[in-house]
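J.: Would you mind keeping the following structure in view while I ask a few things?
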Amino acid sequence: MSAKQAKDFLQLPHEPSHAVEFSTKQILDDIHIPNGRWNTDNIPEPITATFPEWGAGGGTQAITNSPIEVNPNKVVELKNE
């Protein structure tokens, strides 16, 4: 996935520089779905949709306050198209 594709998919205001893969098992006890429009709406948004001006959306999202252990080999630099 390119930086532009990630921005579009996740409806981000800026292109990200990196992506990371990690096991969600480590955060299962502390995970929730954010509400739309950066948690200001009253409607949960498990799939990005409320910022169409930033992209098509369709990416899944969740929030945790727990630390996430990451294998450095799973951090990938996103390339521009």
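Here's how to read the names in the structure tokens: chain A, B, ... by the order shown, residue numbers from 1 in each chain, ligand numbers from 1 in the order shown.
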Within 6 Å of range 11-20 of chain A, which residues of range 42-62 of chain A show up? Give each one with its shortest atom-to-atom distance in Å (one decimal) and the two atoms involved, counting only C-alpha atoms, rows by chain then rising residue number, as a tab-separated table.
T.:
```
residue	atom	partner	partner_atom	distance
A:Phe51	CA	A:Gln11	CA	6.0
A:Trp54	CA	A:Gln11	CA	4.9
A:Gly55	CA	A:Gln11	CA	5.0
A:Gly57	CA	A:Gln11	CA	5.4
```
J.: Using N, CA and C atoms, can you export the residues from the last selection as an mmCIF file, in the first residue's frame?
T.:
```cif
data_model
loop_
_atom_site.group_PDB
_atom_site.id
_atom_site.type_symbol
_atom_site.label_atom_id
_atom_site.label_comp_id
_atom_site.auth_asym_id
_atom_site.auth_seq_id
_atom_site.Cartn_x
_atom_site.Cartn_y
_atom_site.Cartn_z
ATOM 1 N N PHE A 51 -15.098 11.468 6.934
ATOM 2 C CA PHE A 51 -14.284 12.538 6.370
ATOM 3 C C PHE A 51 -14.086 12.307 4.867
ATOM 4 N N TRP A 54 -11.304 13.815 2.814
ATOM 5 C CA TRP A 54 -9.937 13.307 2.952
ATOM 6 C C TRP A 54 -9.734 11.964 2.272
ATOM 7 N N GLY A 55 -10.770 11.422 1.655
ATOM 8 C CA GLY A 55 -10.589 10.163 0.938
ATOM 9 C C GLY A 55 -11.832 9.300 0.963
ATOM 10 N N GLY A 57 -12.295 6.325 2.250
ATOM 11 C CA GLY A 57 -12.558 5.588 3.479
ATOM 12 C C GLY A 57 -12.617 4.093 3.224
#
```
J.: Pull the helix (DSSP H, G or I) assignments for chain A out of DSSP run on the backbone, and list those residues as a VMD selection string.
T.: chain A and resid 3 to 10 24 to 27 36 to 39 52 to 54 72 to 74
J.: Which residue is closest to Glu53 in chain A? Choose from A:Gln26, A:Arg37, A:Asn73, A:Ser66 and count only C-alpha atoms.
T.: A:Arg37
J.: To one decimal place, how far is CA of Gln5 in chain A from CA of Gly59 in chain A in Å?
T.: 10.6 Å
J.: Separation of CA of Ala49 in chain A and CA of Val76 in chain A, in Å?
T.: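 Between these atoms lies a distance of 25.0 Å.
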J.: I need the residue nearest Thr50 in chain A from this list: A:Pro34, A:Pro67, A:Ala62, A:Ser2. Use only C-alpha atoms for the distance.
T.: A:Pro34
J.: Between CA of Ala6 in chain A and CA of Pro52 in chain A, what is the distance, to one decimal in Å?
T.: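 For CA of Ala6 in chain A relative to CA of Pro52 in chain A, the distance reads 13.8 Å.
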J.: Report as JSON, numbers by chain: the residues of chain A with a DSSP assignment of strand (DSSP E), based on the backbone of this structure.
T.: {"A": [18, 19, 20, 75, 76, 77]}
J.: Next, write the just-selected residues to a file, as a compact mmCIF listing (two decimals), in the first residue's frame, keeping N, CA and C atoms as the atom set.
T.:
```txt
# COMPACT_ATOMS: atom_id res chain seq x y z
N HIS A 18 4.74 5.71 7.60
CA HIS A 18 5.00 4.31 7.94
C HIS A 18 3.71 3.58 8.28
N ALA A 19 3.76 2.27 8.17
CA ALA A 19 2.67 1.39 8.61
C ALA A 19 3.31 0.29 9.45
N VAL A 20 2.52 -0.31 10.33
CA VAL A 20 3.05 -1.38 11.19
C VAL A 20 2.01 -2.48 11.32
N VAL A 75 7.63 -2.86 10.83
CA VAL A 75 7.43 -1.46 10.49
C VAL A 75 7.87 -1.26 9.04
N VAL A 76 6.97 -0.72 8.23
CA VAL A 76 7.24 -0.56 6.79
C VAL A 76 7.12 0.91 6.41
N GLU A 77 8.11 1.38 5.68
CA GLU A 77 8.02 2.74 5.15
C GLU A 77 7.08 2.74 3.96
```
J.: Mind checking which residues fall within 10 Å of Asn71 in chain A, counting only C-alpha atoms, ignoring those fewer than 6 positions away in the same chain, and posting them as a list of chain:residue names?
T.: A:Val20, A:Glu21, A:Phe22, A:Ser23
J.: Next, write the just-selected residues to a file, as a PDB file, in the first residue's frame, keeping all heavy atoms as the atom set.
T.:
```pdb
ATOM      1  N   VAL A  20       2.516  -0.313  10.332  1.00  0.00           N
ATOM      2  CA  VAL A  20       3.045  -1.380  11.186  1.00  0.00           C
ATOM      3  C   VAL A  20       2.006  -2.482  11.324  1.00  0.00           C
ATOM      4  O   VAL A  20       0.810  -2.224  11.354  1.00  0.00           O
ATOM      5  CB  VAL A  20       3.464  -0.830  12.571  1.00  0.00           C
ATOM      6  CG1 VAL A  20       2.273  -0.298  13.347  1.00  0.00           C
ATOM      7  CG2 VAL A  20       4.196  -1.870  13.370  1.00  0.00           C
ATOM      8  N   GLU A  21       2.479  -3.699  11.375  1.00  0.00           N
ATOM      9  CA  GLU A  21       1.621  -4.867  11.600  1.00  0.00           C
ATOM     10  C   GLU A  21       1.906  -5.365  13.009  1.00  0.00           C
ATOM     11  O   GLU A  21       3.063  -5.469  13.421  1.00  0.00           O
ATOM     12  CB  GLU A  21       1.974  -5.944  10.584  1.00  0.00           C
ATOM     13  CG  GLU A  21       1.149  -7.195  10.688  1.00  0.00           C
ATOM     14  CD  GLU A  21       1.584  -8.230   9.672  1.00  0.00           C
ATOM     15  OE1 GLU A  21       1.954  -7.857   8.544  1.00  0.00           O
ATOM     16  OE2 GLU A  21       1.556  -9.420  10.017  1.00  0.00           O
ATOM     17  N   PHE A  22       0.831  -5.647  13.776  1.00  0.00           N
ATOM     18  CA  PHE A  22       1.003  -6.157  15.127  1.00  0.00           C
ATOM     19  C   PHE A  22      -0.180  -7.040  15.493  1.00  0.00           C
ATOM     20  O   PHE A  22      -1.237  -6.976  14.858  1.00  0.00           O
ATOM     21  CB  PHE A  22       1.153  -5.023  16.153  1.00  0.00           C
ATOM     22  CG  PHE A  22      -0.055  -4.129  16.258  1.00  0.00           C
ATOM     23  CD1 PHE A  22      -1.051  -4.392  17.175  1.00  0.00           C
ATOM     24  CD2 PHE A  22      -0.180  -3.020  15.439  1.00  0.00           C
ATOM     25  CE1 PHE A  22      -2.167  -3.563  17.278  1.00  0.00           C
ATOM     26  CE2 PHE A  22      -1.289  -2.188  15.531  1.00  0.00           C
ATOM     27  CZ  PHE A  22      -2.282  -2.461  16.453  1.00  0.00           C
ATOM     28  N   SER A  23      -0.016  -7.840  16.529  1.00  0.00           N
ATOM     29  CA  SER A  23      -1.080  -8.724  16.987  1.00  0.00           C
ATOM     30  C   SER A  23      -2.050  -7.942  17.862  1.00  0.00           C
ATOM     31  O   SER A  23      -1.649  -7.319  18.853  1.00  0.00           O
ATOM     32  CB  SER A  23      -0.502  -9.888  17.794  1.00  0.00           C
ATOM     33  OG  SER A  23      -1.560 -10.614  18.398  1.00  0.00           O
TER      34      SER A  23
END
```
J.: For Thr60 in chain A, which residue out of A:Leu78, A:Leu10, A:Leu28, A:Ile43 is the nearest one, using only C-alpha atoms?
T.: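 Closest candidate: A:Leu10.
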J.: So, counting only C-alpha atoms, which residue among A:Asp29, A:Thr48, A:Glu81, A:Asn39 is closest to Asn65 in chain A?
T.: A:Asp29
